[in-house]
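Trainee: To be precise about what I am sending: the file is called final-v6.txt and holds compact mmCIF, C-alpha atoms.
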```txt
# COMPACT_ATOMS: atom_id res chain seq x y z
CA MET W 1 132.94 109.47 112.79
CA TYR W 2 129.31 109.35 113.88
CA ILE W 3 126.67 108.86 111.30
CA VAL W 4 123.04 108.75 112.13
CA LYS W 5 121.56 105.77 110.39
CA ARG W 6 118.06 105.48 109.11
CA PRO W 7 115.84 103.60 111.56
CA GLU W 8 115.53 100.49 109.41
CA GLU W 9 119.30 100.14 109.43
CA ARG W 10 119.66 100.64 113.12
CA SER W 11 119.54 97.04 114.18
CA GLY W 12 121.78 95.60 111.50
CA SER W 13 120.36 94.31 108.26
CA GLY W 14 118.14 91.52 109.63
CA SER W 15 114.63 92.19 110.83
CA PRO W 16 114.16 91.73 114.60
CA LEU W 17 112.09 88.61 114.00
CA GLN W 18 114.72 87.06 111.72
CA LEU W 19 117.42 87.71 114.29
CA GLN W 20 115.35 86.06 117.02
CA GLN W 21 114.87 82.99 114.85
CA LEU W 22 118.58 82.86 114.07
CA ILE W 23 119.47 82.95 117.77
CA ARG W 24 116.94 80.21 118.48
CA SER W 25 118.39 78.00 115.72
CA THR W 26 121.90 78.75 116.97
CA SER W 27 120.95 77.45 120.41
CA ARG W 28 120.12 74.12 118.76
CA GLY W 29 123.61 73.97 117.26
CA ASP W 30 122.67 75.21 113.77
CA ARG W 31 125.95 76.62 112.47
CA ALA W 32 124.48 77.99 109.27
CA ALA W 33 122.04 80.05 111.36
CA PHE W 34 124.94 81.25 113.49
CA ALA W 35 126.88 82.24 110.36
CA ALA W 36 123.84 84.18 109.14
CA LEU W 37 123.48 85.86 112.54
CA TYR W 38 127.11 86.90 112.29
CA SER W 39 126.83 88.30 108.80
CA GLN W 40 123.75 90.33 109.71
CA THR W 41 124.92 91.78 113.01
CA ALA W 42 128.73 91.80 113.04
CA PRO W 43 129.18 95.17 111.23
CA LYS W 44 127.00 97.07 113.70
CA LEU W 45 128.50 95.25 116.70
CA PHE W 46 132.02 95.86 115.36
CA GLY W 47 131.18 99.58 115.16
CA ILE W 48 130.11 99.47 118.81
CA ALA W 49 133.23 97.56 119.91
CA LEU W 50 135.43 100.05 118.01
CA ARG W 51 133.68 102.94 119.70
CA ILE W 52 134.57 101.56 123.14
CA ILE W 53 138.02 100.14 122.35
CA ASN W 54 139.15 102.53 119.62
CA ARG W 55 141.88 100.13 118.48
CA ARG W 56 141.09 97.92 115.54
CA GLU W 57 142.99 94.80 116.46
CA GLU W 58 141.65 94.77 119.98
CA ALA W 59 138.12 95.47 118.77
CA GLU W 60 138.46 92.44 116.45
CA GLU W 61 139.41 90.30 119.44
CA ILE W 62 136.41 91.57 121.37
CA LEU W 63 134.04 90.84 118.51
CA GLN W 64 135.45 87.32 118.30
CA GLU W 65 135.12 86.77 122.05
CA ALA W 66 131.57 88.15 122.02
CA PHE W 67 130.43 85.87 119.20
CA VAL W 68 131.89 82.81 120.94
CA ALA W 69 129.94 83.91 124.06
CA MET W 70 126.78 84.28 121.94
CA TRP W 71 127.21 80.76 120.59
CA GLU W 72 127.58 79.40 124.11
CA ARG W 73 124.84 81.48 125.68
CA SER W 74 122.30 81.44 122.84
CA ALA W 75 119.98 79.17 124.84
CA GLU W 76 119.69 81.92 127.49
CA TYR W 77 118.16 84.34 125.03
CA ASP W 78 114.41 84.62 125.42
CA ALA W 79 112.61 86.56 122.71
CA ALA W 80 109.82 87.40 125.14
CA LYS W 81 112.28 89.40 127.20
CA GLY W 82 113.66 91.85 124.69
CA SER W 83 115.03 92.49 121.25
CA ALA W 84 117.74 90.30 119.78
CA MET W 85 119.90 93.32 118.98
CA GLY W 86 119.63 94.58 122.59
CA TRP W 87 120.82 91.20 123.86
CA LEU W 88 123.68 91.00 121.35
CA THR W 89 124.75 94.58 122.04
CA THR W 90 124.87 93.95 125.79
CA ILE W 91 127.20 90.97 125.28
CA VAL W 92 129.56 92.93 123.01
CA ARG W 93 129.61 95.97 125.30
CA HIS W 94 130.40 93.89 128.38
CA CYS W 95 133.24 92.07 126.60
CA ALA W 96 134.60 95.44 125.53
CA ILE W 97 134.17 96.99 128.98
CA ASP W 98 136.01 94.08 130.63
CA HIS W 99 138.81 94.54 128.14
CA VAL W 100 139.09 98.28 128.79
CA ARG W 101 139.07 97.71 132.55
CA ARG W 102 141.93 95.23 132.31
CA ARG W 103 144.00 97.79 130.48
CA ALA W 104 145.73 100.54 132.41
CA VAL W 105 145.43 103.30 129.83
CA ARG W 106 142.30 104.39 128.02
CA PRO W 107 142.39 104.82 124.27
CA GLU W 108 142.38 108.40 123.06
CA GLY W 109 140.52 110.06 120.28
CA ARG W 110 136.82 109.67 121.02
CA SER W 111 134.06 112.11 120.22
CA ALA W 112 132.70 114.15 123.08
CA PRO W 113 129.41 112.73 124.37
CA ASP W 114 127.62 115.97 123.57
CA GLU W 115 128.45 115.59 119.88
CA VAL W 116 126.76 112.22 119.99
CA LEU W 117 123.78 113.77 121.70
CA LEU W 118 123.64 116.42 118.99
CA GLY W 119 123.62 113.62 116.45
CA LEU W 120 120.65 112.06 118.22
CA ALA W 121 118.89 115.41 118.41
CA ALA W 122 119.48 115.95 114.70
CA ALA W 123 117.91 112.56 114.09
CA GLU W 124 114.86 113.74 115.98
CA ARG W 125 114.60 116.88 113.87
CA ALA W 126 114.95 114.86 110.71
CA ASP W 127 112.14 112.68 112.02
CA LEU W 128 114.23 109.57 111.63
CA GLY W 129 112.56 107.72 114.42
CA ALA W 130 110.27 108.47 117.31
CA GLU W 131 112.21 106.17 119.63
CA LEU W 132 115.47 107.91 118.87
CA GLY W 133 113.92 111.29 119.36
CA ALA W 134 112.36 110.31 122.68
CA LEU W 135 115.68 109.15 124.10
CA ALA W 136 117.46 112.28 122.88
CA ARG W 137 114.73 114.47 124.41
CA CYS W 138 114.81 112.60 127.74
CA LEU W 139 118.60 112.74 127.91
CA GLY W 140 118.32 116.44 127.16
CA GLU W 141 116.17 116.91 130.25
CA ILE W 142 118.95 115.67 132.53
CA GLU W 143 121.46 118.26 133.83
CA GLU W 144 124.61 118.56 131.78
CA GLN W 145 127.16 116.78 133.98
CA PRO W 146 125.00 113.75 134.92
CA ARG W 147 123.98 113.45 131.26
CA ARG W 148 127.59 113.42 130.13
CA ALA W 149 128.37 110.85 132.83
CA VAL W 150 125.65 108.52 131.52
CA LEU W 151 126.83 108.94 127.93
CA LEU W 152 130.50 108.39 128.83
CA ALA W 153 129.50 105.14 130.56
CA TYR W 154 127.29 103.89 127.73
CA LEU W 155 129.34 105.06 124.77
CA TYR W 156 132.85 104.36 126.02
CA GLY W 157 132.49 102.05 129.01
CA PHE W 158 133.76 104.58 131.59
CA THR W 159 133.73 103.26 135.16
CA ARG W 160 132.28 105.33 138.01
CA GLU W 161 135.86 106.04 139.13
CA GLU W 162 136.93 107.25 135.70
CA ILE W 163 133.92 109.54 135.48
CA ALA W 164 134.75 110.94 138.93
CA ALA W 165 138.33 111.61 137.81
CA ASP W 166 137.17 113.15 134.53
CA PHE W 167 134.89 115.66 136.26
CA ALA W 168 137.07 115.99 139.38
CA VAL W 169 134.16 115.15 141.69
CA PRO W 170 133.90 112.59 144.51
CA LEU W 171 132.84 109.03 143.63
CA GLY W 172 129.66 109.46 145.69
CA THR W 173 128.60 112.33 143.46
CA VAL W 174 128.93 110.15 140.35
CA LYS W 175 126.86 107.38 141.97
CA THR W 176 124.14 109.91 142.76
CA TRP W 177 124.27 111.37 139.21
CA ILE W 178 123.81 107.94 137.71
CA ARG W 179 121.06 106.90 140.10
CA ARG W 180 119.09 110.09 139.47
CA SER W 181 119.64 109.97 135.73
CA ILE W 182 118.26 106.42 135.65
CA GLU W 183 115.16 107.49 137.59
CA ARG W 184 114.59 110.48 135.33
CA LEU W 185 115.09 108.50 132.13
CA LYS W 186 112.64 105.88 133.29
CA ARG W 187 110.00 108.47 134.21
CA CYS W 188 110.53 110.32 130.97
CA LEU W 189 110.54 107.25 128.70
CA ASP W 190 107.54 105.43 130.18
CA PRO W 191 105.10 108.13 131.17
CA MET N 192 121.06 93.00 149.29
CA ARG N 193 117.31 93.16 149.13
CA TYR N 194 116.80 92.21 145.51
CA GLU N 195 113.03 92.22 145.92
CA ASP N 196 113.08 96.02 146.27
CA SER N 197 111.73 97.13 142.91
CA GLU N 198 113.61 100.44 142.82
CA LEU N 199 116.88 98.68 143.54
CA ARG N 200 116.13 96.08 140.86
CA GLU N 201 115.45 98.84 138.37
CA ARG N 202 118.65 100.68 139.22
CA LEU N 203 120.86 97.58 139.12
CA ALA N 204 119.32 96.53 135.80
CA ALA N 205 119.97 99.96 134.29
CA GLU N 206 123.52 100.09 135.64
CA TYR N 207 124.14 96.58 134.34
CA VAL N 208 123.21 97.75 130.85
CA LEU N 209 124.96 101.09 131.23
CA GLY N 210 128.12 99.19 132.21
CA THR N 211 128.78 100.98 135.48
CA LEU N 212 128.48 97.99 137.83
CA PRO N 213 131.89 96.98 139.16
CA SER N 214 133.02 93.65 137.64
CA ARG N 215 132.24 91.47 140.66
CA ALA N 216 128.84 93.05 141.23
CA ARG N 217 128.10 92.51 137.57
CA ARG N 218 128.85 88.78 137.71
CA ARG N 219 126.71 88.43 140.84
CA PHE N 220 123.93 90.25 139.03
CA GLU N 221 124.26 87.95 135.99
CA ARG N 222 123.78 84.91 138.24
CA LEU N 223 120.69 86.51 139.75
CA MET N 224 119.29 87.16 136.27
CA THR N 225 119.51 83.51 135.29
CA GLU N 226 117.39 82.58 138.31
CA ASP N 227 114.97 85.47 138.09
CA PRO N 228 113.24 85.85 134.70
CA ALA N 229 111.42 88.99 135.81
CA LEU N 230 114.76 90.65 136.54
CA ALA N 231 116.07 89.56 133.14
CA ARG N 232 113.02 91.22 131.62
CA VAL N 233 113.79 94.54 133.37
CA VAL N 234 117.35 94.30 132.00
CA ALA N 235 116.11 93.64 128.48
CA ILE N 236 113.85 96.71 128.62
CA TRP N 237 116.81 98.89 129.64
CA ALA N 238 118.97 97.31 126.94
CA ASP N 239 116.37 98.29 124.33
CA ARG N 240 115.92 101.79 125.74
CA LEU N 241 119.64 102.59 125.79
CA ALA N 242 120.50 100.76 122.56
CA THR N 243 118.88 103.73 120.84
CA ILE N 244 122.13 105.59 121.60
CA ASP N 245 123.91 103.13 119.29
CA ALA N 246 121.99 104.55 116.34
CA ALA N 247 124.64 107.27 116.25
CA THR N 248 127.43 104.73 115.79
CA ALA N 249 128.32 103.73 112.24
CA ALA N 250 128.47 100.04 111.34
CA GLU N 251 131.78 98.82 109.98
CA ASP N 252 132.63 95.53 108.28
CA PRO N 253 135.00 93.47 110.39
CA PRO N 254 137.79 91.65 108.47
CA SER N 255 136.96 88.06 107.52
CA ARG N 256 139.60 86.68 109.89
CA VAL N 257 137.27 87.48 112.80
CA TRP N 258 134.65 85.02 111.56
CA ARG N 259 137.30 82.41 110.86
CA SER N 260 138.57 82.67 114.43
CA VAL N 261 135.05 82.51 115.86
CA GLU N 262 134.42 79.43 113.82
CA ALA N 263 137.67 77.75 114.81
CA ARG N 264 136.82 78.39 118.45
CA ILE N 265 133.29 77.04 118.32
CA VAL N 266 134.49 73.98 116.42
CA SER N 267 136.95 73.23 119.19
CA ARG N 268 134.33 73.67 121.86
CA GLY N 269 131.65 71.17 120.99
CA ALA N 270 128.90 70.28 118.63
CA SER N 271 126.16 72.46 120.02
CA PRO N 272 125.99 75.38 122.40
CA ALA N 273 124.09 73.28 124.94
CA SER N 274 126.80 70.65 125.08
CA GLY N 275 129.30 73.14 126.46
CA GLN N 276 132.68 71.44 126.94
CA GLY N 277 132.24 68.71 124.36
CA TRP N 278 134.53 65.79 123.73
CA PHE N 279 135.55 67.61 120.58
CA VAL N 280 137.83 69.74 122.69
CA SER N 281 140.39 66.94 122.90
CA LEU N 282 142.71 67.06 119.92
CA ALA N 283 144.13 63.65 120.77
CA PHE N 284 140.68 62.15 120.76
CA TRP N 285 139.88 63.93 117.50
CA ARG N 286 143.00 62.51 115.90
CA GLY N 287 142.13 59.06 117.17
CA LEU N 288 138.69 59.33 115.66
CA THR N 289 140.10 60.44 112.33
CA VAL N 290 142.19 57.28 112.21
CA VAL N 291 139.11 55.18 113.01
CA ALA N 292 137.07 57.14 110.47
CA SER N 293 139.74 56.63 107.80
CA ALA N 294 139.78 52.91 108.50
CA VAL N 295 135.98 52.78 108.30
CA ALA N 296 135.96 54.70 105.02
CA ALA N 297 138.77 52.64 103.55
CA GLY N 298 136.85 49.50 104.49
CA LEU N 299 133.80 50.87 102.74
CA ILE N 300 135.67 51.41 99.47
CA ILE N 301 137.13 47.93 99.45
CA TYR N 302 133.71 46.50 100.20
CA VAL N 303 132.10 48.33 97.30
CA VAL N 304 134.84 47.37 94.87
CA SER N 305 134.82 43.68 95.78
CA PHE N 306 131.04 43.49 95.68
CA THR N 307 130.77 44.54 92.06
CA GLY N 308 131.93 41.10 91.04
CA ARG N 309 134.06 42.45 88.21
CA PRO N 310 137.71 41.57 87.90
CA SER N 311 139.29 43.41 90.83
CA PRO N 312 140.67 46.77 89.79
CA PRO N 313 143.73 47.99 91.64
CA PRO N 314 142.69 49.13 95.15
CA ALA N 315 141.47 52.73 95.23
CA GLU N 316 143.97 55.00 96.82
CA VAL N 317 142.37 57.09 99.53
CA VAL N 318 143.74 60.62 99.31
CA ALA N 319 141.73 62.02 102.21
CA VAL N 320 138.71 61.26 104.35
CA LEU N 321 136.80 64.27 105.57
CA THR N 322 134.93 63.77 108.80
CA ASP N 323 132.22 65.90 110.32
CA GLN N 324 132.18 67.25 113.81
CA SER N 325 131.00 63.96 115.25
CA GLY N 326 133.94 62.21 113.64
CA ASP N 327 131.76 60.46 111.08
CA PRO N 328 133.19 60.33 107.56
CA SER N 329 131.23 62.62 105.23
CA TRP N 330 133.38 63.11 102.10
CA ILE N 331 136.12 61.05 100.59
CA ALA N 332 138.82 61.93 98.06
CA ILE N 333 140.32 59.08 96.09
CA ALA N 334 142.95 59.03 93.36
CA GLY N 335 141.67 58.82 89.78
CA PRO N 336 139.85 58.09 87.61
CA ARG N 337 142.79 59.24 85.47
CA GLY N 338 146.32 60.04 86.47
CA GLY N 339 146.67 63.51 88.00
CA GLU N 340 143.02 63.56 89.05
CA VAL N 341 141.26 63.16 92.34
CA SER N 342 137.57 62.26 92.77
CA VAL N 343 135.69 63.71 95.68
CA SER N 344 132.30 62.32 96.65
CA ALA N 345 129.94 62.23 99.59
CA VAL N 346 130.22 59.08 101.69
CA ARG N 347 126.54 59.47 102.64
CA PRO N 348 123.83 61.92 101.59
CA GLN N 349 124.62 65.39 102.89
CA ALA N 350 121.84 67.59 104.25
CA GLN N 351 121.30 70.22 101.60
CA ASP N 352 118.88 72.83 100.32
CA SER N 353 118.78 75.02 97.24
CA ARG N 354 120.08 78.07 99.11
CA HIS N 355 123.43 76.52 99.97
CA SER N 356 126.26 74.60 98.42
CA PHE N 357 129.24 72.67 99.73
CA GLU N 358 132.59 74.12 98.80
CA LEU N 359 135.91 72.30 99.03
CA TRP N 360 138.97 74.10 100.37
CA ALA N 361 142.67 73.39 100.63
CA ILE N 362 144.00 74.65 103.95
CA VAL N 363 147.72 75.22 103.59
CA GLY N 364 149.49 76.61 106.62
CA GLY N 365 146.12 77.72 107.98
CA THR N 366 145.14 79.66 104.84
CA PRO N 367 142.10 78.42 102.89
CA ARG N 368 142.26 78.23 99.08
CA PRO N 369 139.05 77.44 97.17
CA LEU N 370 139.00 74.18 95.17
CA GLY N 371 135.42 74.36 93.94
CA VAL N 372 131.80 73.63 94.73
CA LEU N 373 131.08 69.93 95.22
CA GLY N 374 128.34 67.92 93.55
CA GLN N 375 125.61 67.55 96.10
CA ARG N 376 123.51 64.61 95.01
CA SER N 377 124.46 61.29 96.41
CA GLY N 378 126.57 59.51 93.80
CA ASN N 379 127.90 62.78 92.37
CA VAL N 380 131.62 62.77 91.94
CA SER N 381 133.60 65.99 91.61
CA ILE N 382 136.93 65.68 89.87
CA ILE N 383 139.74 68.06 90.71
CA ARG N 384 143.29 68.25 89.48
CA ALA N 385 145.64 66.54 91.90
CA ALA N 386 148.15 69.37 91.54
CA ARG N 387 145.73 71.71 93.31
CA LEU N 388 145.65 69.57 96.45
CA PRO N 389 147.67 70.59 99.48
CA PRO N 390 150.64 68.39 100.37
CA PRO N 391 150.15 65.37 102.66
CA GLY N 392 149.66 66.48 106.25
CA ASP N 393 147.72 69.62 105.27
CA LEU N 394 143.95 69.79 105.36
CA LEU N 395 140.98 69.62 103.07
CA ALA N 396 137.78 71.18 104.36
CA VAL N 397 134.19 71.56 103.23
CA SER N 398 132.19 74.65 104.16
CA LEU N 399 128.58 75.67 103.68
CA GLU N 400 128.35 78.52 101.14
CA PRO N 401 125.89 80.37 98.91
CA PRO N 402 124.72 78.34 95.85
CA ASP N 403 127.59 79.52 93.63
CA GLY N 404 130.26 79.16 96.26
CA SER N 405 131.90 81.74 98.50
CA PRO N 406 131.81 85.20 96.90
CA THR N 407 134.93 86.29 98.80
CA GLY N 408 137.42 83.56 98.01
CA LEU N 409 137.42 82.60 101.69
CA PRO N 410 134.95 80.43 103.62
CA THR N 411 131.96 82.52 104.67
CA GLY N 412 129.81 79.78 106.21
CA PRO N 413 130.54 77.12 108.80
CA VAL N 414 133.17 74.46 108.11
CA LEU N 415 131.25 71.19 108.19
CA SER N 416 133.95 68.62 107.55
CA ARG N 417 137.69 68.38 107.40
CA GLY N 418 140.38 65.82 106.94
CA LYS N 419 144.10 65.50 106.43
CA VAL N 420 145.57 64.75 103.01
CA LEU N 421 147.08 61.29 103.49
CA ILE N 422 149.04 60.76 100.29
CA ARG N 423 150.16 62.64 97.23
CA PRO N 424 147.97 61.14 94.50
CA PRO N 425 149.80 59.50 91.59
```
Please lay out the structure from this file as structure tokens.
Mentor:
Amino acid sequence: MYIVKRPEERSGSGSPLQLQQLIRSTSRGDRAAFAALYSQTAPKLFGIALRIINRREEAEEILQEAFVAMWERSAEYDAAKGSAMGWLTTIVRHCAIDHVRRRAVRPEGRSAPDEVLLGLAAAERADLGAELGALARCLGEIEEQPRRAVLLAYLYGFTREEIAADFAVPLGTVKTWIRRSIERLKRCLDP
Amino acid sequence: MRYEDSELRERLAAEYVLGTLPSRARRRFERLMTEDPALARVVAIWADRLATIDAATAAEDPPSRVWRSVEARIVSRGASPASGQGWFVSLAFWRGLTVVASAVAAGLIIYVVSFTGRPSPPPAEVVAVLTDQSGDPSWIAIAGPRGGEVSVSAVRPQAQDSRHSFELWAIVGGTPRPLGVLGQRSGNVSIIRAARLPPPGDLLAVSLEPPDGSPTGLPTGPVLSRGKVLIRPP
């Protein structure tokens, strides 16, 4: 299910600069630019929505909702603040997370977070991207349970409560794991 | 909360991206971000750092119905993102405008015909008037020139470039069927067989497509104009 993509494919097919321009044109009501933004980013974003939702029809709904939100919020995007793909991914993930939280039962059949981490580590070995390797290395420095907690949250939208239930630990412990993991990641990624 | 505390800002930004903030806290944080560009910048840095994890997730093509739904929703919400809840949201108003637009376009045809000074031909039968999002007529379909044919032409010059074309669609029961790429220069008339038109009450639409038309048989670009078929052409 998980395939490590080559770095140039990581952010969808458009270059970061092109995507920024497309978002800017979209904010001025340019529908052709919005259509181009969709065609360049929807496959990657659909993959991300599917990862969290794990049900095709619902993931389609999320993608639709997220793109409507992008259209409406495109004026908020500021290229000086971060990459276009980071902004788009955050919108899709939050739509998906809201959807999962509204639903009582979590979808089954996801890969264990450690498999994903192995995928990232393999990418590092294959020298597929320094950035990728750095994140995999920094995640690897975190203790096993907090690392898995961070990955469950990012990959599948687990809440703090769900993580606590999954590991059978108190909620306070999960909050501490996450806080410390964030501090360690930050120290490790920007030395 | 003391949002000026830099460690707290960093943690909330990371948790916002990670997705672990409870829903209400997240919405509060989103409001803060819109007022605090520096905070938004911290969020964007975390989004970029963590997005690296997504490299392990395979891309997958969504079905084309997703784009069609997105498009239908943005069309019903207003002309531009900044306008938010536009007037376009009101179907009743939209219908009203279509009637006005049809009357305007019909007036235009009669005007042109009577101004030529030739013996009056029988009045052109308007098959459909396609209006853009502002309700202005952009394309018109009239019966003729021969029986069983319909001529489609731009009412006014349409913004165009060499990388795009305008494609005409029949929308029957919500399903688009391609009718062909339209002539783009002002004065160009595209002739289609009347039998290919949808029945009165169904829609014609024009979308923006690659130069040779949609490669998929379904609209891939934005729908720019639409209009109801008014009569079955003779």
Trainee: Would you pick out the contacts of Ile182 (chain W) at 7 Å or less, using all atoms listed in the file, so that residues sharing its chain but fewer than 3 positions from it are not included, and give the list as a list in words?
Mentor: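 Using all atoms listed in the file, the neighbours found are Ile178, Arg179, Leu185 and Lys186 of chain W; Arg202 and Ala205 of chain N.
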Trainee: Considering only C-alpha atoms, can you say which of W:Glu162, W:Glu60, W:Asp30, W:Asp98 comes closest to Ala42 (chain W)?
Mentor: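 For Ala42 (chain W), the nearest of the candidates is W:Glu60.
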Trainee: At a cut-off of 10 Å, using only C-alpha atoms, what residues contact Ser74 (chain W)? Leave out same-chain residues fewer than 2 positions from it and give the result as a list in words.
Mentor: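 These residues fall inside the cut-off: Leu22, Ile23, Arg24, Ser25, Thr26, Ser27, Arg28, Gly29, Phe34, Phe67, Val68, Ala69, Met70, Trp71, Glu72, Glu76, Tyr77, Asp78, Trp87 and Leu88 of chain W; Pro272 and Ala273 of chain N.
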Trainee: Near chain W, which residues of chain N fall within 7 Å when you count all atoms listed in the file, and what do they look like as a VMD selection string?
Mentor: chain N and resid 202 205 208 to 211 232 235 to 236 238 to 239 242 to 243 246 to 253 257 260 to 261 265 270 to 273 275 412 to 413
Trainee: Please identify all polymer residues within 9 Å of Leu321 (chain N), counting all atoms listed in the file, omitting same-chain residues fewer than 5 positions from it, and present them as number ranges by chain.
Mentor: N: 289, 292-293, 326-332, 395-397, 416-419
Trainee: Pick out the residues sitting within 9 Å of Leu409 (chain N), and hand them over as a PyMOL selection string; count all atoms listed in the file, and ignore anything fewer than 2 positions along from it in its own chain.
Mentor: chain N and resi 255+360+366-369+405-407+411
Trainee: Interatomic distance between CA of Phe167 (chain W) and CA of Ala216 (chain N)?
Mentor: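 According to the coordinates, CA of Phe167 (chain W) and CA of Ala216 (chain N) are separated by 23.9 Å.
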Trainee: What does the structure give for the distance between CA of Gly335 (chain N) and CA of Asn379 (chain N), in Å to one decimal?
Mentor: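 Spanning CA of Gly335 (chain N) to CA of Asn379 (chain N) is a straight-line distance of 14.6 Å.
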Trainee: From the set N:Ala334, N:Leu212, N:Ala345, N:Val317, which residue has the shortest atom-to-atom contact distance to Arg384 (chain N), counting all atoms listed in the file?
Mentor: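 Closest to Arg384 (chain N), using all atoms listed in the file: N:Ala334.
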Trainee: Given all atoms listed in the file as the basis, pick out the residue of N:Ser356, N:Val363, N:Arg219, N:Val343 nearest to Leu394 (chain N).
Mentor: N:Val363
Trainee: So which residues are close to (123.1, 94.2, 137.1), meaning at most 7 Å away in the file's coordinates with only C-alpha atoms counted, and can you show them as JSON, numbers by chain?
Mentor: {"N": [203, 204, 206, 207, 212, 217, 220, 221]}
Trainee: What does the distance between CA of Ile422 (chain N) and CA of Val372 (chain N) come to in Å, to one decimal place?
Mentor: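 Pair CA of Ile422 (chain N) / CA of Val372 (chain N) returns 22.2 Å.
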Trainee: Find, counting only C-alpha atoms, the residue in N:Ile383, N:Ala231, N:Leu370, N:Ala361 that gets nearest to Gly404 (chain N).
Mentor: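 Of N:Ile383, N:Ala231, N:Leu370, N:Ala361, the one nearest Gly404 (chain N), counting only C-alpha atoms, is N:Leu370.
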